[in-house]
file structure.cif (mmCIF, C-alpha atoms)
data_coords
loop_
_atom_site.label_atom_id
_atom_site.label_comp_id
_atom_site.auth_asym_id
_atom_site.auth_seq_id
_atom_site.Cartn_x
_atom_site.Cartn_y
_atom_site.Cartn_z
CA MET A 1 1.58 -16.67 14.73
CA SER A 2 2.57 -17.13 11.13
CA GLY A 3 6.07 -16.24 9.96
CA ASP A 4 5.07 -16.11 6.30
CA PRO A 5 5.33 -12.94 4.21
CA ILE A 6 2.21 -10.89 3.52
CA LYS A 7 -0.42 -12.97 1.71
CA PRO A 8 -3.82 -12.14 0.18
CA ARG A 9 -6.79 -13.43 2.15
CA ASP A 10 -10.22 -14.52 0.94
CA SER A 11 -12.12 -12.03 3.09
CA ASP A 12 -10.18 -9.03 1.81
CA PRO A 13 -9.80 -8.40 -1.93
CA VAL A 14 -6.77 -6.26 -1.33
CA SER A 15 -4.69 -8.27 1.11
CA GLU A 16 -3.98 -9.59 4.55
CA ARG A 17 -2.96 -7.36 7.43
CA ALA A 18 0.44 -8.20 8.88
CA GLU A 19 -0.43 -9.37 12.36
CA SER A 20 2.63 -8.16 14.20
CA ASP A 21 6.16 -6.92 13.72
CA GLY A 22 7.17 -10.58 13.79
CA ALA A 23 4.80 -11.53 10.96
CA LEU A 24 7.57 -10.88 8.48
CA ARG A 25 10.42 -12.94 9.84
CA GLN A 26 13.78 -11.31 10.39
CA ALA A 27 16.68 -12.76 8.39
CA LYS A 28 18.80 -15.23 10.35
CA THR A 29 22.56 -15.47 10.27
CA SER A 30 23.43 -17.75 7.36
CA THR A 31 26.32 -20.09 6.70
CA SER A 32 28.12 -20.00 3.36
CA GLU A 33 26.22 -23.19 2.40
CA ASP A 34 22.90 -21.52 3.25
CA VAL A 35 23.77 -18.54 1.09
CA ALA A 36 24.82 -20.74 -1.83
CA ALA A 37 21.57 -22.72 -1.63
CA PHE A 38 19.55 -19.52 -1.36
CA VAL A 39 21.15 -18.03 -4.48
CA ALA A 40 20.89 -21.29 -6.45
CA LYS A 41 17.18 -21.60 -5.71
CA ALA A 42 16.54 -18.00 -6.68
CA ARG A 43 18.44 -18.32 -9.96
CA ALA A 44 16.43 -21.42 -10.83
CA LEU A 45 13.32 -19.24 -10.60
CA SER A 46 14.91 -16.33 -12.46
CA PRO A 47 12.44 -14.05 -14.29
CA HIS A 48 15.26 -12.81 -16.51
CA ALA A 49 15.23 -15.77 -18.89
CA PRO A 50 14.20 -15.00 -22.49
CA GLY A 51 10.42 -15.01 -22.85
CA ALA A 52 9.77 -14.92 -19.10
CA LYS A 53 6.88 -12.73 -17.97
CA GLY A 54 8.03 -9.63 -16.16
CA ARG A 55 7.07 -9.23 -12.51
CA LEU A 56 7.23 -5.89 -10.74
CA ILE A 57 6.50 -5.12 -7.09
CA PHE A 58 4.96 -1.65 -6.84
CA ALA A 59 5.37 -0.49 -3.22
CA LEU A 60 3.91 2.70 -1.80
CA ASP A 61 4.09 4.63 1.43
CA ALA A 62 0.41 5.30 2.17
CA THR A 63 0.90 7.28 5.37
CA MET A 64 -0.91 10.59 5.68
CA SER A 65 1.84 12.77 4.19
CA ARG A 66 1.58 10.78 0.98
CA GLN A 67 -2.06 11.48 0.14
CA PRO A 68 -1.39 13.85 -2.80
CA THR A 69 1.12 11.48 -4.42
CA TRP A 70 -1.03 8.43 -3.74
CA ASP A 71 -3.82 9.98 -5.80
CA MET A 72 -1.32 10.79 -8.52
CA ALA A 73 0.14 7.27 -8.47
CA CYS A 74 -3.36 5.83 -8.87
CA ALA A 75 -3.70 7.75 -12.11
CA LEU A 76 -0.18 7.05 -13.36
CA GLN A 77 0.08 3.32 -12.70
CA ALA A 78 -1.78 2.65 -15.95
CA ASP A 79 1.19 4.17 -17.78
CA MET A 80 3.38 1.38 -16.38
CA PHE A 81 1.14 -1.22 -17.98
CA ARG A 82 1.01 0.65 -21.27
CA GLU A 83 4.80 0.86 -21.41
CA ALA A 84 5.12 -2.82 -20.57
CA ALA A 85 2.48 -3.81 -23.15
CA ALA A 86 4.69 -2.43 -25.91
CA LEU A 87 7.53 -4.68 -24.77
CA GLY A 88 5.84 -7.84 -23.59
CA SER A 89 3.79 -8.66 -20.53
CA LEU A 90 3.92 -7.53 -16.93
CA ASP A 91 2.41 -8.67 -13.65
CA ILE A 92 2.32 -6.22 -10.74
CA ARG A 93 2.07 -6.90 -7.02
CA LEU A 94 0.92 -3.86 -5.07
CA VAL A 95 2.35 -3.49 -1.57
CA TYR A 96 1.55 -0.58 0.72
CA TYR A 97 1.75 0.37 4.37
CA ARG A 98 -0.12 2.90 6.47
CA GLY A 99 -1.55 3.48 9.95
CA TYR A 100 -0.38 1.47 12.94
CA ASN A 101 1.37 -1.77 11.98
CA GLU A 102 -0.66 -2.19 8.77
CA CYS A 103 1.18 -3.56 5.73
CA ARG A 104 -0.78 -5.16 2.90
CA ALA A 105 -0.16 -6.74 -0.47
CA THR A 106 -2.18 -7.98 -3.42
CA GLY A 107 -1.53 -11.09 -5.44
CA TRP A 108 0.01 -10.78 -8.90
CA ILE A 109 -2.16 -8.66 -11.18
CA SER A 110 -1.96 -8.55 -14.98
CA ASP A 111 -5.05 -6.38 -15.55
CA SER A 112 -4.43 -2.62 -15.26
CA SER A 113 -8.11 -1.88 -14.62
CA LYS A 114 -8.17 -4.32 -11.71
CA LEU A 115 -5.12 -2.68 -10.16
CA ALA A 116 -6.66 0.77 -10.63
CA THR A 117 -9.86 -0.39 -8.90
CA LEU A 118 -7.94 -1.77 -5.94
CA MET A 119 -5.87 1.39 -5.58
CA SER A 120 -8.96 3.59 -5.71
CA LYS A 121 -10.32 1.85 -2.58
CA ILE A 122 -7.25 2.68 -0.49
CA ASP A 123 -6.93 5.85 1.56
CA CYS A 124 -3.88 7.17 3.38
CA ARG A 125 -3.61 7.00 7.17
CA GLY A 126 -1.13 8.34 9.67
CA GLY A 127 1.69 6.07 10.79
CA ASP A 128 5.40 5.26 10.66
CA THR A 129 7.27 3.84 7.68
CA GLN A 130 7.49 0.04 7.23
CA ILE A 131 10.03 -0.23 4.42
CA GLY A 132 11.59 -3.29 6.03
CA ARG A 133 8.38 -5.22 5.47
CA VAL A 134 8.31 -4.17 1.83
CA LEU A 135 11.85 -5.50 1.33
CA THR A 136 11.10 -8.73 3.19
CA ASP A 137 8.02 -9.34 1.07
CA ALA A 138 10.05 -8.69 -2.09
CA ARG A 139 12.73 -11.15 -1.02
CA GLY A 140 10.11 -13.83 -0.35
CA GLU A 141 8.44 -13.32 -3.71
CA ALA A 142 11.78 -13.29 -5.51
CA VAL A 143 12.61 -16.75 -4.18
CA ARG A 144 9.07 -18.11 -4.50
CA SER A 145 8.04 -16.91 -7.95
CA GLY A 146 10.64 -14.57 -9.41
CA VAL A 147 10.68 -10.76 -9.36
CA ARG A 148 12.42 -8.61 -11.94
CA ALA A 149 12.30 -5.28 -10.07
CA VAL A 150 10.85 -3.39 -7.11
CA VAL A 151 9.54 0.17 -7.31
CA PHE A 152 9.13 2.12 -4.08
CA VAL A 153 7.55 5.58 -3.85
CA GLY A 154 7.89 7.40 -0.54
CA ASP A 155 9.01 10.52 1.27
CA ALA A 156 10.39 9.35 4.63
CA MET A 157 12.39 6.68 6.47
CA GLU A 158 11.87 6.10 10.21
CA GLU A 159 13.53 2.70 10.65
CA LYS A 160 17.01 1.39 11.44
CA VAL A 161 18.97 1.88 8.25
CA ASP A 162 21.37 -1.01 8.96
CA ALA A 163 18.44 -3.45 9.15
CA LEU A 164 17.10 -2.15 5.85
CA CYS A 165 20.52 -2.49 4.25
CA ALA A 166 20.76 -6.15 5.34
CA LYS A 167 17.46 -6.87 3.58
CA ALA A 168 18.54 -4.86 0.54
CA GLY A 169 21.73 -6.89 0.36
CA GLU A 170 19.70 -10.08 0.02
CA LEU A 171 17.76 -8.58 -2.88
CA GLY A 172 21.08 -7.60 -4.45
CA MET A 173 22.21 -11.23 -4.27
CA LEU A 174 19.01 -12.19 -6.06
CA LYS A 175 19.64 -9.61 -8.81
CA VAL A 176 16.43 -7.75 -7.96
CA PRO A 177 17.05 -4.00 -8.31
CA VAL A 178 15.03 -1.59 -6.20
CA PHE A 179 14.06 1.72 -7.81
CA LEU A 180 13.35 4.26 -5.07
CA PHE A 181 11.46 7.39 -6.12
CA GLN A 182 11.61 9.99 -3.36
CA GLU A 183 9.13 12.81 -3.03
CA GLY A 184 10.65 15.87 -1.39
CA HIS A 185 14.00 16.51 0.24
CA ASP A 186 14.16 14.56 3.51
CA ALA A 187 17.91 14.01 4.04
CA VAL A 188 17.54 10.89 6.20
CA ALA A 189 15.29 9.24 3.64
CA GLU A 190 17.64 10.18 0.81
CA GLN A 191 20.65 8.62 2.52
CA ALA A 192 18.79 5.36 3.18
CA PHE A 193 17.17 5.21 -0.25
CA ARG A 194 20.49 5.78 -2.01
CA GLU A 195 22.12 2.97 -0.04
CA ILE A 196 19.26 0.53 -0.75
CA ALA A 197 19.56 1.37 -4.44
CA ARG A 198 23.33 0.81 -4.37
CA LEU A 199 23.09 -2.52 -2.58
CA THR A 200 20.44 -3.89 -4.96
CA GLY A 201 21.93 -2.54 -8.19
CA GLY A 202 18.92 -0.26 -8.59
CA ALA A 203 18.56 3.51 -8.64
CA TRP A 204 17.37 6.45 -6.53
CA CYS A 205 15.60 9.43 -8.07
CA ARG A 206 13.87 12.45 -6.58
CA PHE A 207 10.67 13.96 -7.90
CA ASP A 208 9.07 17.21 -6.81
CA PRO A 209 5.82 17.07 -4.80
CA GLY A 210 2.89 16.88 -7.18
CA ALA A 211 5.12 16.52 -10.26
CA ALA A 212 3.08 14.05 -12.27
CA ALA A 213 5.27 14.28 -15.37
CA GLN A 214 8.42 13.39 -13.42
CA LEU A 215 6.83 10.44 -11.65
CA ARG A 216 5.23 9.21 -14.89
CA GLU A 217 8.62 9.03 -16.61
CA LEU A 218 10.19 7.18 -13.71
CA LEU A 219 7.38 4.64 -13.47
CA ARG A 220 7.43 4.04 -17.23
CA ALA A 221 11.17 3.44 -17.08
CA ALA A 222 10.82 0.92 -14.23
CA ALA A 223 8.06 -0.89 -16.15
CA ALA A 224 10.25 -1.04 -19.23
CA TYR A 225 12.99 -2.72 -17.21
CA ALA A 226 10.58 -5.18 -15.57
CA ALA A 227 9.03 -6.18 -18.90
CA GLY A 228 12.06 -6.12 -21.17
CA GLY A 229 15.18 -6.02 -19.02
CA ARG A 230 18.18 -3.75 -19.34
CA GLU A 231 17.99 -3.67 -23.14
CA ALA A 232 14.47 -2.23 -23.03
CA LEU A 233 15.56 0.39 -20.51
CA LEU A 234 18.52 1.36 -22.69
CA ARG A 235 16.23 1.87 -25.68
CA LEU A 236 13.83 4.01 -23.65
CA ALA A 237 16.75 6.05 -22.26
CA LYS A 238 17.36 7.41 -25.77
CA THR A 239 14.05 9.27 -25.66
CA THR A 240 13.12 9.86 -22.02
CA GLY A 241 14.99 11.45 -19.14
CA GLY A 242 13.49 9.12 -16.51
CA ALA A 243 14.98 6.03 -18.12
CA ALA A 244 18.32 7.78 -18.52
CA GLN A 245 18.32 8.59 -14.80
CA LEU A 246 17.81 4.94 -13.89
CA ILE A 247 20.27 3.40 -16.31
CA GLY A 248 22.94 5.92 -15.29
CA GLN A 249 22.94 4.53 -11.74
CA MET A 250 22.40 0.81 -12.31
CA LYS A 251 25.41 -1.48 -12.06
#
call {"tool": "encode", "arguments": {"input": "structure.cif", "output": "structure tokens"}}
result
Amino acid sequence: MSGDPIKPRDSDPVSERAESDGALRQAKTSTSEDVAAFVAKARALSPHAPGAKGRLIFALDATMSRQPTWDMACALQADMFREAAALGSLDIRLVYYRGYNECRATGWISDSSKLATLMSKIDCRGGDTQIGRVLTDARGEAVRSGVRAVVFVGDAMEEKVDALCAKAGELGMLKVPVFLFQEGHDAVAEQAFREIARLTGGAWCRFDPGAAAQLRELLRAAAAYAAGGREALLRLAKTTGGAAQLIGQMK
């Protein structure tokens, strides 16, 4: 059984189903030499160089409790592209999980209409969270092709927080911030999301259920960072509260 991260498949325009919990390989204990080689390879592929195309992983909890916000995110994702278009270019990789052991990802998409079409074909299904797979996929893409930021939208966390923190720490080493936008007030999720944000140099923000305006601002701010880096986010923070929330937490 393959140990590779989630990959698109020819028979499914959206993505490949992760075949088992082992499909996304757990991180092994590394020597100092392994870590140094890992960081050196990642920096060689850095998306932060001047003129580099921004790459953003847009990850969503698509379990049943998320149906109202999934519909809202489908409508608002176009705002991310519009914000990025004013600053440069942006590719987005959509990752989502739902149901029993189902975690899927697209390839890199630069066309907002194509992303909207893909998202419109996805429905929410009951199941547990799979945030660990999202982080593992992000780590793989960061090393393979460069990722400037990860956005995660969710309302719960049902995994071992220490395991998630280990994966988040790897993303922090790669200078890939994770922006976690939490719907609602689940205390367990908040604690985990805040720690993932801290370890990656990202940010955690809460938005109220169904609050399209709040989520729109947060997504626009994340897109600004992915397309134009910290400078673009600083400029946007002068006019929007969402960007100010992110920049206030980032290291």
call {"tool": "resolve_selection", "arguments": {"input": "structure.cif", "expression": "the PyMOL selection byres ((chain A and resi 156) around 10)", "output": "NGL selection string"}}
result
:A and (61 or 63 or 65-66 or 128-129 or 131 or 153-155 or 157-159 or 182-190 or 192-193)
call {"tool": "closest_residue", "arguments": {"input": "structure.cif", "among": "A:Gly127, A:Pro68, A:Gly54, A:Gly107", "to": "Ala149 (chain A)", "atoms": "all atoms listed in the file"}}
result
A:Gly54
call {"tool": "resolve_selection", "arguments": {"input": "structure.cif", "expression": "the PyMOL selection byres ((chain A and resi 162-176) around 8)", "output": "list of chain:residue names"}}
result
A:Ala27, A:Val39, A:Ala42, A:Arg43, A:Ile131, A:Gly132, A:Leu135, A:Thr136, A:Ala138, A:Arg139, A:Ala142, A:Val147, A:Arg148, A:Ala149, A:Val150, A:Glu159, A:Lys160, A:Val161, A:Pro177, A:Val178, A:Glu195, A:Ile196, A:Leu199, A:Thr200, A:Gly201, A:Gly202
call {"tool": "residues_around", "arguments": {"input": "structure.cif", "residues": "Leu215 (chain A)", "least_positions_apart": "3", "cutoff": "12 Å", "atoms": "all atoms listed in the file", "output": "ChimeraX atom specification"}}
result
/A:69-70,72-77,79-80,151-154,179-183,205-212,218-222,241-243
call {"tool": "atom_distance", "arguments": {"input": "structure.cif", "atom1": "CA of Tyr96 (chain A)", "atom2": "CA of Trp108 (chain A)"}}
result
14.1 Å
call {"tool": "residues_around", "arguments": {"input": "structure.cif", "residues": "Ala62 (chain A)", "least_positions_apart": "3", "cutoff": "6 Å", "atoms": "only C-alpha atoms", "output": "PDB file with C-alpha atoms, keeping the file's coordinate frame"}}
result
ATOM      1  CA  ARG A  66       1.580  10.780   0.980  1.00  0.00           C
ATOM      2  CA  TYR A  97       1.750   0.370   4.370  1.00  0.00           C
ATOM      3  CA  ARG A  98      -0.120   2.900   6.470  1.00  0.00           C
ATOM      4  CA  CYS A 124      -3.880   7.170   3.380  1.00  0.00           C
TER       5      CYS A 124
END
call {"tool": "atom_distance", "arguments": {"input": "structure.cif", "atom1": "CA of Met64 (chain A)", "atom2": "CA of Ile109 (chain A)"}}
result
25.6 Å
call {"tool": "atom_distance", "arguments": {"input": "structure.cif", "atom1": "CA of Leu234 (chain A)", "atom2": "CA of Ser113 (chain A)"}}
result
28.0 Å
call {"tool": "closest_residue", "arguments": {"input": "structure.cif", "among": "A:Arg55, A:Asp137, A:Gln130, A:Val143", "to": "Ser110 (chain A)", "atoms": "all atoms listed in the file"}}
result
A:Arg55
call {"tool": "closest_residue", "arguments": {"input": "structure.cif", "among": "A:Arg216, A:Arg235, A:Lys251, A:Arg93", "to": "Ala59 (chain A)", "atoms": "only C-alpha atoms"}}
result
A:Arg93
